[in-house]
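Trainee: Okay, here's the structure, questions in a sec.
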Number of protein chains: 2
Amino acid sequence: MSGKIFPTAQDAENAFYEALERCDLEGMMAVWSEDEEIVCVHPAGARLTGQDEVRESWAKIFAAGPQARVTIEHQVAISGMMLAVHSVFERFTIPQAKPEAQPAPIVATNVYLRTAAGWRMIVHHASPAPAAPAPAAARDTGPKILH
Amino acid sequence: MSGKIFPTAQDAENAFYEALERCDLEGMMAVWSEDEEIVCVHPAGARLTGQDEVRESWAKIFAAGPQARVTIEHQVAISGMMLAVHSVFERFTIPQAKPEAQPAPIVATNVYLRTAAGWRMIVHHASPAPAAPAPAAARDTGPKILH
């Protein structure tokens, strides 16, 4: 489906959010693992499994728009040889909207798998967050490497 | 804090839900990694990081009760050498409550880390699920082993 190779989990994560921002369905699906079981939970959504359900959900989201800028904050990352887990806040900004009409932040758990074709996403679990951590609590530290 | 050793991620998961069911704070915290960054998102809750925030949240939950039976369904498991990821549905049953008053199911992403003291939880991300998968879609397959 795609010849893209992501040398690190962070590369895959960057491509994921770029595709989300651009409403780029092919770019989005190029991030997901093709071979393994995949799991996607959109905010307040059902758990989706497998390429077909995940692709269909992103197609609907991208068709509905509106396009928004996405900023990733407060990443906590843990990296193994084969799996990497990133916990992040997703802050969406809709250019046309007033500050008080901006969406609430989302907290997401993203899991990446090292495949023969580089790092790919296997789990994206997103849910509405009451609030992002205060700046004082922000720790955008480098990933914790386990190996 | 605890001498408990969980030889597999599944053992840690079983202990997690047993502690949850029994409102057993020490049993719960014995499942979590002591050394690594840990992340906990309760349904519709803020992202909590670190032992202190996570312990405090479970203490509040357990103090509030009521105790409920927890059934885990539709597990999707992916296991690496150092990390394991389980996606599950948590179905809570309150013995005194009528069927229509039972809580909605929760979808959870649980991440376990192989530490020097056995497998421990490092991420629990739970959010309300509109519905569990239909039985026909249920796939309680054994874990996918990556190594």
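Note on naming: chains are A, B, ... as they come in the structure tokens, residues start from 1 per chain, ligands start from 1 in the order shown.
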Where does range 40-73 of chain A meet range 72-76 of chain B within 12 Å, residue by residue, with the nearest atom pair and distance in Å to one decimal for each, counting only C-alpha atoms, listed by chain and rising number, as CSV?

Mentor:
```
residue,atom,partner,partner_atom,distance
A:Cys40,CA,B:Val76,CA,11.6
A:Arg47,CA,B:His74,CA,10.4
A:Leu48,CA,B:Val76,CA,11.3
A:Thr49,CA,B:Val76,CA,9.1
A:Gly50,CA,B:Val76,CA,11.1
```

Trainee: Those same residues, written as an mmCIF file, in the first residue's frame with N, CA, C and O atoms?

Mentor:
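Now in result-v3.cif:
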```
data_model
loop_
_atom_site.group_PDB
_atom_site.id
_atom_site.type_symbol
_atom_site.label_atom_id
_atom_site.label_comp_id
_atom_site.auth_asym_id
_atom_site.auth_seq_id
_atom_site.Cartn_x
_atom_site.Cartn_y
_atom_site.Cartn_z
ATOM 1 N N CYS A 40 -7.957 1.211 16.994
ATOM 2 C CA CYS A 40 -8.105 2.674 16.974
ATOM 3 C C CYS A 40 -9.367 3.055 17.742
ATOM 4 O O CYS A 40 -10.452 2.536 17.458
ATOM 5 N N ARG A 47 -14.358 1.089 19.692
ATOM 6 C CA ARG A 47 -13.051 0.534 19.378
ATOM 7 C C ARG A 47 -13.111 -0.087 17.992
ATOM 8 O O ARG A 47 -13.963 -0.920 17.720
ATOM 9 N N LEU A 48 -12.200 0.342 17.145
ATOM 10 C CA LEU A 48 -12.132 -0.172 15.772
ATOM 11 C C LEU A 48 -10.918 -1.072 15.658
ATOM 12 O O LEU A 48 -9.858 -0.767 16.205
ATOM 13 N N THR A 49 -11.069 -2.183 14.942
ATOM 14 C CA THR A 49 -9.930 -3.087 14.743
ATOM 15 C C THR A 49 -9.813 -3.426 13.271
ATOM 16 O O THR A 49 -10.817 -3.584 12.570
ATOM 17 N N GLY A 50 -8.582 -3.536 12.816
ATOM 18 C CA GLY A 50 -8.336 -3.960 11.440
ATOM 19 C C GLY A 50 -8.306 -2.784 10.472
ATOM 20 O O GLY A 50 -8.866 -1.716 10.715
#
```

Trainee: Select all residues from chain B having any atom no more than 9 Å from an atom of chain A (counting only C-alpha atoms, ignoring ligands), output as JSON, numbers by chain.

Mentor: {"B": [36, 37, 38, 39, 41, 43, 44, 45, 46, 47, 48, 76, 77, 78, 79, 80, 81, 82, 83, 84, 85, 87, 107, 108, 109, 111, 123, 125, 126, 127, 128, 129, 130, 131, 132, 133, 144, 146, 147]}

Trainee: How would the residues just picked look written out with N, CA, C and O atoms as a compact mmCIF listing (two decimals), in the first residue's frame?

Mentor:
```
# COMPACT_ATOMS: atom_id res chain seq x y z
N GLU B 36 9.67 3.40 36.57
CA GLU B 36 9.52 4.07 35.29
C GLU B 36 8.42 5.12 35.35
O GLU B 36 7.59 5.12 36.25
N GLU B 37 8.43 5.99 34.38
CA GLU B 37 7.33 6.92 34.19
C GLU B 37 6.06 6.10 33.99
O GLU B 37 6.03 5.17 33.20
N ILE B 38 5.01 6.43 34.72
CA ILE B 38 3.73 5.75 34.53
C ILE B 38 2.66 6.77 34.18
O ILE B 38 2.76 7.94 34.57
N VAL B 39 1.66 6.32 33.43
CA VAL B 39 0.60 7.20 32.92
C VAL B 39 -0.74 6.51 33.16
O VAL B 39 -0.90 5.33 32.81
N VAL B 41 -4.99 7.25 32.73
CA VAL B 41 -6.14 8.08 32.34
C VAL B 41 -7.40 7.31 32.71
O VAL B 41 -7.72 6.29 32.10
N PRO B 43 -11.60 7.02 32.98
CA PRO B 43 -12.63 7.47 32.03
C PRO B 43 -13.02 8.93 32.27
O PRO B 43 -13.41 9.29 33.39
N ALA B 44 -12.87 9.75 31.25
CA ALA B 44 -13.19 11.18 31.29
C ALA B 44 -12.32 11.94 32.29
O ALA B 44 -12.63 13.09 32.66
N GLY B 45 -11.23 11.32 32.70
CA GLY B 45 -10.37 11.96 33.69
C GLY B 45 -9.14 12.61 33.08
O GLY B 45 -8.84 12.43 31.90
N ALA B 46 -8.42 13.34 33.91
CA ALA B 46 -7.17 13.96 33.49
C ALA B 46 -6.09 12.90 33.34
O ALA B 46 -6.20 11.80 33.90
N ARG B 47 -5.05 13.21 32.57
CA ARG B 47 -3.91 12.30 32.51
C ARG B 47 -3.09 12.46 33.78
O ARG B 47 -2.68 13.57 34.13
N LEU B 48 -2.86 11.35 34.45
CA LEU B 48 -2.07 11.34 35.68
C LEU B 48 -0.73 10.71 35.39
O LEU B 48 -0.65 9.73 34.65
N VAL B 76 -7.31 -7.74 22.76
CA VAL B 76 -6.33 -7.80 21.68
C VAL B 76 -4.98 -7.56 22.34
O VAL B 76 -4.79 -6.55 23.02
N ALA B 77 -4.04 -8.50 22.17
CA ALA B 77 -2.77 -8.41 22.89
C ALA B 77 -1.61 -8.49 21.91
O ALA B 77 -1.61 -9.31 21.00
N ILE B 78 -0.64 -7.62 22.10
CA ILE B 78 0.59 -7.63 21.31
C ILE B 78 1.75 -7.60 22.28
O ILE B 78 1.80 -6.72 23.15
N SER B 79 2.66 -8.56 22.16
CA SER B 79 3.70 -8.72 23.17
C SER B 79 5.08 -8.67 22.55
O SER B 79 5.38 -9.44 21.64
N GLY B 80 5.90 -7.77 23.05
CA GLY B 80 7.31 -7.73 22.68
C GLY B 80 8.16 -8.26 23.82
O GLY B 80 7.64 -8.79 24.81
N MET B 81 9.49 -8.13 23.66
CA MET B 81 10.39 -8.61 24.70
C MET B 81 10.24 -7.81 25.99
O MET B 81 10.30 -8.36 27.09
N MET B 82 10.08 -6.50 25.84
CA MET B 82 10.10 -5.60 26.99
C MET B 82 8.76 -4.95 27.27
O MET B 82 8.52 -4.47 28.37
N LEU B 83 7.93 -4.87 26.26
CA LEU B 83 6.64 -4.18 26.38
C LEU B 83 5.53 -5.08 25.85
O LEU B 83 5.74 -5.83 24.90
N ALA B 84 4.38 -4.98 26.48
CA ALA B 84 3.19 -5.69 26.00
C ALA B 84 2.02 -4.72 26.04
O ALA B 84 1.92 -3.90 26.97
N VAL B 85 1.17 -4.79 25.04
CA VAL B 85 0.03 -3.89 24.94
C VAL B 85 -1.24 -4.72 24.85
O VAL B 85 -1.33 -5.62 24.00
N SER B 87 -5.44 -4.33 24.57
CA SER B 87 -6.66 -3.54 24.42
C SER B 87 -7.82 -4.41 24.87
O SER B 87 -7.98 -5.53 24.38
N VAL B 107 -13.49 1.03 27.37
CA VAL B 107 -12.40 0.47 26.56
C VAL B 107 -11.09 0.95 27.16
O VAL B 107 -10.95 2.12 27.52
N ALA B 108 -10.16 0.01 27.32
CA ALA B 108 -8.90 0.36 27.97
C ALA B 108 -7.71 -0.14 27.16
O ALA B 108 -7.74 -1.22 26.57
N THR B 109 -6.69 0.69 27.13
CA THR B 109 -5.39 0.30 26.58
C THR B 109 -4.44 0.17 27.76
O THR B 109 -4.20 1.14 28.49
N VAL B 111 -0.63 -1.02 29.05
CA VAL B 111 0.74 -1.28 28.60
C VAL B 111 1.56 -1.78 29.77
O VAL B 111 1.51 -1.19 30.87
N VAL B 123 1.12 1.97 31.61
CA VAL B 123 0.07 2.84 31.08
C VAL B 123 -1.29 2.14 31.23
O VAL B 123 -1.43 0.97 30.89
N HIS B 125 -5.03 3.48 30.03
CA HIS B 125 -5.83 4.56 29.42
C HIS B 125 -7.24 4.00 29.20
O HIS B 125 -7.43 3.11 28.37
N ALA B 126 -8.18 4.51 29.96
CA ALA B 126 -9.56 4.00 29.91
C ALA B 126 -10.51 5.12 29.51
O ALA B 126 -10.35 6.26 29.93
N SER B 127 -11.50 4.77 28.68
CA SER B 127 -12.50 5.76 28.27
C SER B 127 -13.81 5.05 28.00
O SER B 127 -13.83 3.86 27.68
N PRO B 128 -14.93 5.78 28.16
CA PRO B 128 -16.23 5.15 27.93
C PRO B 128 -16.35 4.67 26.48
O PRO B 128 -15.92 5.36 25.56
N ALA B 129 -16.94 3.51 26.30
CA ALA B 129 -17.11 2.94 24.96
C ALA B 129 -18.59 2.98 24.60
O ALA B 129 -19.43 2.64 25.44
N PRO B 130 -18.92 3.40 23.39
CA PRO B 130 -20.33 3.38 23.00
C PRO B 130 -20.90 1.97 23.06
O PRO B 130 -22.04 1.77 23.40
N ALA B 131 -20.08 0.98 22.72
CA ALA B 131 -20.56 -0.40 22.75
C ALA B 131 -19.38 -1.33 22.63
O ALA B 131 -18.36 -1.00 22.02
N ALA B 132 -19.51 -2.50 23.23
CA ALA B 132 -18.52 -3.54 23.03
C ALA B 132 -18.76 -4.17 21.66
O ALA B 132 -19.85 -4.06 21.11
N PRO B 133 -17.75 -4.81 21.09
CA PRO B 133 -17.96 -5.47 19.80
C PRO B 133 -19.04 -6.54 19.92
O PRO B 133 -19.23 -7.12 20.99
N LYS B 144 -0.31 -11.92 20.37
CA LYS B 144 0.60 -11.94 19.23
C LYS B 144 2.01 -11.75 19.79
O LYS B 144 2.28 -10.74 20.44
N LEU B 146 5.94 -11.15 19.34
CA LEU B 146 6.76 -10.50 18.32
C LEU B 146 8.18 -11.04 18.28
O LEU B 146 8.94 -10.72 17.38
N HIS B 147 8.54 -11.82 19.28
CA HIS B 147 9.93 -12.23 19.34
C HIS B 147 10.04 -13.74 19.23
O HIS B 147 9.05 -14.42 19.08
```

Trainee: Could you name the residues that touch range 66-71 of chain A at 9 Å or less, counting only C-alpha atoms, but leaving out those on the same chain fewer than 6 positions away, as a list in words?

Mentor: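 The contact residues come out as Tyr17, Glu18, Leu20, Glu21, Arg22, Cys23, Phe89, Glu90, Arg91, Phe92, Thr93, Ile94 and Pro95 of chain A.
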
Trainee: Using only C-alpha atoms, which protein or nucleic acid residues come within 12 Å of Lys60 in chain A? Drop anything in the same chain fewer than 5 positions from it, and give the result as a ChimeraX atom specification.

Mentor: /A:23-25,42,53-55,65-66

Trainee: List as a compact mmCIF listing (two decimals) with N, CA and C atoms, in the first residue's frame the protein and nucleic acid residues near Phe16 in chain A, meaning an atom at most 10 Å away when only C-alpha atoms are counted, but skip any in the same chain fewer than 2 places from it.

Mentor:
```txt
# COMPACT_ATOMS: atom_id res chain seq x y z
N GLN A 10 9.06 8.00 16.44
CA GLN A 10 8.77 9.43 16.38
C GLN A 10 8.50 9.88 14.95
N ASP A 11 9.24 9.30 13.99
CA ASP A 11 8.97 9.61 12.57
C ASP A 11 7.55 9.20 12.20
N ALA A 12 7.14 8.02 12.67
CA ALA A 12 5.78 7.56 12.39
C ALA A 12 4.76 8.49 13.04
N GLU A 13 5.06 8.92 14.26
CA GLU A 13 4.12 9.82 14.95
C GLU A 13 4.02 11.16 14.22
N ASN A 14 5.15 11.68 13.78
CA ASN A 14 5.12 12.94 13.04
C ASN A 14 4.26 12.80 11.78
N GLU A 18 0.84 14.80 10.79
CA GLU A 18 0.84 15.57 9.54
C GLU A 18 -0.33 15.14 8.65
N ALA A 19 -0.55 13.83 8.57
CA ALA A 19 -1.67 13.32 7.76
C ALA A 19 -3.01 13.76 8.35
N LEU A 20 -3.09 13.76 9.69
CA LEU A 20 -4.32 14.20 10.37
C LEU A 20 -4.60 15.66 10.06
N GLU A 21 -3.55 16.46 10.08
CA GLU A 21 -3.70 17.90 9.83
C GLU A 21 -4.10 18.16 8.37
N ASP A 24 -5.24 13.74 5.01
CA ASP A 24 -4.61 12.94 3.95
C ASP A 24 -4.79 11.45 4.29
N GLY A 27 -1.85 9.15 3.36
CA GLY A 27 -0.75 9.41 4.29
C GLY A 27 -1.02 8.83 5.66
N MET A 28 -2.26 8.94 6.10
CA MET A 28 -2.67 8.37 7.40
C MET A 28 -2.50 6.86 7.40
N MET A 29 -3.02 6.20 6.37
CA MET A 29 -3.00 4.74 6.38
C MET A 29 -1.58 4.20 6.16
N ALA A 30 -0.71 5.04 5.58
CA ALA A 30 0.69 4.61 5.40
C ALA A 30 1.41 4.51 6.74
N VAL A 31 0.87 5.16 7.77
CA VAL A 31 1.48 5.10 9.09
C VAL A 31 1.11 3.82 9.83
N TRP A 32 -0.07 3.29 9.53
CA TRP A 32 -0.57 2.11 10.27
C TRP A 32 0.07 0.83 9.76
N ARG A 120 5.61 1.36 12.57
CA ARG A 120 4.23 1.64 12.19
C ARG A 120 3.36 1.72 13.43
N MET A 121 2.27 2.46 13.30
CA MET A 121 1.31 2.55 14.40
C MET A 121 0.48 1.28 14.48
```

Trainee: I'd like the interatomic distance between CA of Thr8 in chain A and CA of Trp119 in chain A, to a tenth of an Å.

Mentor: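 That distance, rounded to one decimal, is 5.8 Å.
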